[in-house]
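Engineer: Structure incoming, see below.
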Number of protein chains: 2
Amino acid sequence: MTNTTTMSPKAPVAVSTDASAVTAPTQFIKTRLETYAYRRFGGGAAPPLVFLQHFTGTLDNWDPAVTDPLAGGREVILFESAGLGRSTGEVPTTIAGMTGHFLAFADALGLTQIDLLGFSLGGMVAQQAALDRPSLVRKMLLVGTAPEGGEDIMHLEKPELRKILEDPSLSGYQVLVKLFFTPSESSQAAGQAFATRLGARTEDREPLSGPKVAQAQIAAFRAWERVEGERFGKLRRITQPCLVVNGVRDTMIPVRNSYLLAEHLPNAMLLTYPDAGHGSLFQFAASFVRQATLFLDL
Amino acid sequence: MTNTTTMSPKAPVAVSTDASAVTAPTQFIKTRLETYAYRRFGGGAAPPLVFLQHFTGTLDNWDPAVTDPLAGGREVILFESAGLGRSTGEVPTTIAGMTGHFLAFADALGLTQIDLLGFSLGGMVAQQAALDRPSLVRKMLLVGTAPEGGEDIMHLEKPELRKILEDPSLSGYQVLVKLFFTPSESSQAAGQAFATRLGARTEDREPLSGPKVAQAQIAAFRAWERVEGERFGKLRRITQPCLVVNGVRDTMIPVRNSYLLAEHLPNAMLLTYPDAGHGSLFQFAASFVRQATLFLDL
């Protein structure tokens, strides 16, 4: 069922010993579905922590201020799903489809018990993975995300988001600084620091996502918003300890979706940050790492 | 203005060296307004942490599982407001009136910078104190409470609460076990452990609150629910770091009041606990103490 061959277009690497998202080499693994790019670094007694990425984000969008300290106590694995970066295949138009790719990846790596950090779109894949393969997932960090049947999920056509996305003066990470952080001076400063950290990786980077990726992922968001059957009923089956995190000013997936998660998941703590948007984990990286470590280790 | 005479009907005590709510002697201080009962114990580098109590609660209602570990890093001061326990005077019918008593107490003790842990009614007094005397308050823990203009605050006439309050089989702490904890087996077990901890103090206890206390405090809740001027506008002036905490199943002051606090206070983190009611800090005492310590010390 699984194919654990590790291959790389550059040089074969087994497990990186360089515990940073800035320098960890990109690795590739062929599976029963596609060949996925990933990065793997750090180590420790806790189960590996797999990072599931946000809308249009690639491996290069993980903030080392979050990944690197967490890699001090466990292996960190950054996963590039199908159709993104140098992973092969097409981006599915459903969360279930994306979850299938993630499970093929986990199987190919031989992972049997992991923790998940799902951010935004990645938080939806994490929930679906916990439903589809409960034995695989020990604990979950669900950041800036929403339950199936959630509200106002990634409506890029909203004026406050369209204004940013159509601003010709913004490009590259500066779009993220506006989308993920609030307009306040301190949040914008944190956003610039975040952009600088992302820019620290200068080699072995992934290609950027194009409109085709965005289109498929938006279709998945629209499907995820639909209520089918008992609203939030599935959440009762996710019995893993969860830490739900968001900024109270998230304009992409508003914080009330985090309230819904914390109210309907049987075993979820909720943490919200003030004057923070979708990227609260990057704005409050030190606090987030402290909280994530407490949650994962205790 | 202040009168710092300390007096006790039993024996004069300056500062207790017994760092536990179970054994700390009750002290008394005469002020410009009333003579207040209080308990003071512990010590450390951080500012004193003053505890402000819930509806009808007295000094005896503080859980040693919360107070005692926190007293390891700072002085803990438990305050008995006017008309409660052995404090003199009448219970005011407004939060502002209760805050006046608290400030008279703080002045009499010569406190100039403190942290506050306000639970339920006490959280409202804490907010008012931060507005009336911003220089006094460094940080605040606001647990199971609501902003002025909040929703569904302590409506004891609601069927789910009336059922408990009118149950002839419940008395003493068993009423609190039902009111502060959820019906789940694990929450009820935590409630019984809480009741046992409260019962550990067998001497030098306060008299129980009667219907007159309840009536005045309920009047204060009704006044606090009223929206006057811009709803939540005052919260913008509370710039102190705050940690807002609640259980997602609080039936006495529903969790959406905690959302409102975290969304409108400029510098508040929110933490919610699963399968927990009004007494989330007692149900998850170890986690709460860890979070409170992080918040107060960093």
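Here, A, B, ... name the chains of the structure tokens in the order displayed, residue numbers run from 1 inside each chain, and ligands are numbered from 1 in the same displayed order.
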For chain A, report every residue with an atom at most 7 Å from chain B (counting only C-alpha atoms), formatted as an MDAnalysis selection string.
Structural biologist: chainID A and resid 248 263 266:275
Engineer: Could you write out that same residue set with N, CA and C atoms as an mmCIF file, in the first residue's frame?
Structural biologist:
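Listing of out-v8.cif after writing:
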```
data_model
loop_
_atom_site.group_PDB
_atom_site.id
_atom_site.type_symbol
_atom_site.label_atom_id
_atom_site.label_comp_id
_atom_site.auth_asym_id
_atom_site.auth_seq_id
_atom_site.Cartn_x
_atom_site.Cartn_y
_atom_site.Cartn_z
ATOM 1 N N VAL A 248 -8.738 37.968 17.122
ATOM 2 C CA VAL A 248 -10.131 38.430 17.180
ATOM 3 C C VAL A 248 -10.516 39.317 15.998
ATOM 4 N N GLU A 263 -16.800 25.289 20.895
ATOM 5 C CA GLU A 263 -18.068 24.929 21.542
ATOM 6 C C GLU A 263 -18.537 23.533 21.143
ATOM 7 N N PRO A 266 -15.477 18.146 21.467
ATOM 8 C CA PRO A 266 -15.636 17.755 22.884
ATOM 9 C C PRO A 266 -14.445 18.107 23.769
ATOM 10 N N ASN A 267 -13.259 18.268 23.168
ATOM 11 C CA ASN A 267 -12.069 18.426 24.011
ATOM 12 C C ASN A 267 -11.131 19.498 23.458
ATOM 13 N N ALA A 268 -11.689 20.703 23.285
ATOM 14 C CA ALA A 268 -10.899 21.788 22.696
ATOM 15 C C ALA A 268 -10.801 22.980 23.622
ATOM 16 N N MET A 269 -9.591 23.444 23.831
ATOM 17 C CA MET A 269 -9.377 24.740 24.451
ATOM 18 C C MET A 269 -9.315 25.784 23.335
ATOM 19 N N LEU A 270 -9.735 26.990 23.647
ATOM 20 C CA LEU A 270 -9.669 28.094 22.687
ATOM 21 C C LEU A 270 -8.757 29.169 23.232
ATOM 22 N N LEU A 271 -7.956 29.726 22.347
ATOM 23 C CA LEU A 271 -7.085 30.839 22.711
ATOM 24 C C LEU A 271 -7.232 31.900 21.631
ATOM 25 N N THR A 272 -7.587 33.132 22.024
ATOM 26 C CA THR A 272 -7.609 34.202 21.012
ATOM 27 C C THR A 272 -6.644 35.302 21.416
ATOM 28 N N TYR A 273 -6.129 35.980 20.380
ATOM 29 C CA TYR A 273 -5.177 37.075 20.578
ATOM 30 C C TYR A 273 -5.812 38.415 20.204
ATOM 31 N N PRO A 274 -5.468 39.459 20.954
ATOM 32 C CA PRO A 274 -6.035 40.791 20.665
ATOM 33 C C PRO A 274 -5.329 41.452 19.478
ATOM 34 N N ASP A 275 -6.025 42.360 18.828
ATOM 35 C CA ASP A 275 -5.449 43.144 17.729
ATOM 36 C C ASP A 275 -4.681 42.246 16.760
#
```
Engineer: Show which residues sit within 12 Å of A:Glu230, as a PDB file with N, CA and C atoms, in the first residue's frame. Count only C-alpha atoms, and ignore same-chain residues fewer than 6 positions away.
Structural biologist:
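What ended up in part_9.pdb:
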```pdb
ATOM      1  N   GLU A 148     -16.606  22.422   9.329  1.00  0.00           N
ATOM      2  CA  GLU A 148     -17.507  22.236   8.186  1.00  0.00           C
ATOM      3  C   GLU A 148     -18.854  22.864   8.557  1.00  0.00           C
ATOM      4  N   GLY A 149     -19.421  23.645   7.634  1.00  0.00           N
ATOM      5  CA  GLY A 149     -20.640  24.374   7.963  1.00  0.00           C
ATOM      6  C   GLY A 149     -20.362  25.692   8.654  1.00  0.00           C
ATOM      7  N   ARG A 236     -18.357  16.160  17.076  1.00  0.00           N
ATOM      8  CA  ARG A 236     -18.451  15.312  18.278  1.00  0.00           C
ATOM      9  C   ARG A 236     -17.561  14.087  18.183  1.00  0.00           C
ATOM     10  N   HIS A 264     -18.112  23.067  19.981  1.00  0.00           N
ATOM     11  CA  HIS A 264     -18.642  21.784  19.493  1.00  0.00           C
ATOM     12  C   HIS A 264     -17.649  20.631  19.523  1.00  0.00           C
TER      13      HIS A 264
END
```
Engineer: Output as a VMD selection string all residues of stretch 11-168 of chain A that backbone DSSP marks as strand (DSSP E).
Structural biologist: chain A and resid 27 to 30 35 to 42 49 to 52 75 to 79 114 to 119 137 to 143
Engineer: Select from stretch 23-179 of chain A everything DSSP, run on the backbone, classes as helix (DSSP H, G or I), then give the selection as an MDAnalysis selection string.
Structural biologist: chainID A and resid 59:61 64:70 95:109 121:132 134:136 159:165 173:179
Engineer: Leaving out B:Gly42 and any residue of its chain fewer than 4 positions from it, which residues lie within 10 Å of it when counting only C-alpha atoms, given as a PyMOL selection string?
Structural biologist: chain B and resi 15-21+24+48+67-77
Engineer: Pick out the closest residue to B:Val66 from this set: B:Leu170, B:Val22, B:Ile29, B:Leu161. Count only C-alpha atoms.
Structural biologist: B:Val22
Engineer: Need to verify the contact set: stretch 279-284 of chain A, 12 Å, only C-alpha atoms, exclusion of same-chain residues closer than 6 positions in sequence. Can you return it as a ChimeraX atom specification?
Structural biologist: /A:54,61-67,117-120,141-145,176-182,184,186-198,244-255,271-273,290-292 /B:269
Engineer: Pick out the closest residue to B:Arg237 from this set: B:Gly150, B:Arg133, B:Leu111, B:Phe41. Count only C-alpha atoms.
Structural biologist: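 Ranking B:Gly150, B:Arg133, B:Leu111, B:Phe41 by distance to B:Arg237, first place goes to B:Arg133.
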Engineer: Which one of B:Asp204, B:Thr112, B:Pro183, B:Ala214 sits closest to B:Glu160 if you count only C-alpha atoms?
Structural biologist: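 Using only C-alpha atoms, B:Glu160 sits closest to B:Pro183.
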Engineer: Given the choices B:Phe102, B:Phe51, B:Phe232, B:Trp224, which gets closest to B:Asp132 if the distance is worked out from only C-alpha atoms?
Structural biologist: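 That would be B:Phe102, the residue with the smallest distance to B:Asp132.
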Engineer: May I ask for the distance between atom CA of A:Ser81 and atom CA of A:Ala37, given in Å to one decimal place?
Structural biologist: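 Distance reported for this atom pair: 7.8 Å.
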Engineer: Which residues come within 8 Å of A:Leu103, counting only C-alpha atoms, excluding same-chain residues fewer than 4 positions away, as a short mmCIF file (atom, residue, chain, number, x, y, z; two decimals) with N, CA and C atoms, in the first residue's frame?
Structural biologist:
```cif
data_model
loop_
_atom_site.label_atom_id
_atom_site.label_comp_id
_atom_site.auth_asym_id
_atom_site.auth_seq_id
_atom_site.Cartn_x
_atom_site.Cartn_y
_atom_site.Cartn_z
N THR A 99 -7.30 15.72 2.01
CA THR A 99 -6.99 14.84 3.14
C THR A 99 -6.48 13.50 2.64
N ASP A 107 1.25 7.81 5.23
CA ASP A 107 1.48 6.37 5.08
C ASP A 107 2.85 6.10 4.46
N ALA A 129 -8.78 14.70 8.57
CA ALA A 129 -7.85 13.60 8.83
C ALA A 129 -8.18 12.91 10.16
#
```
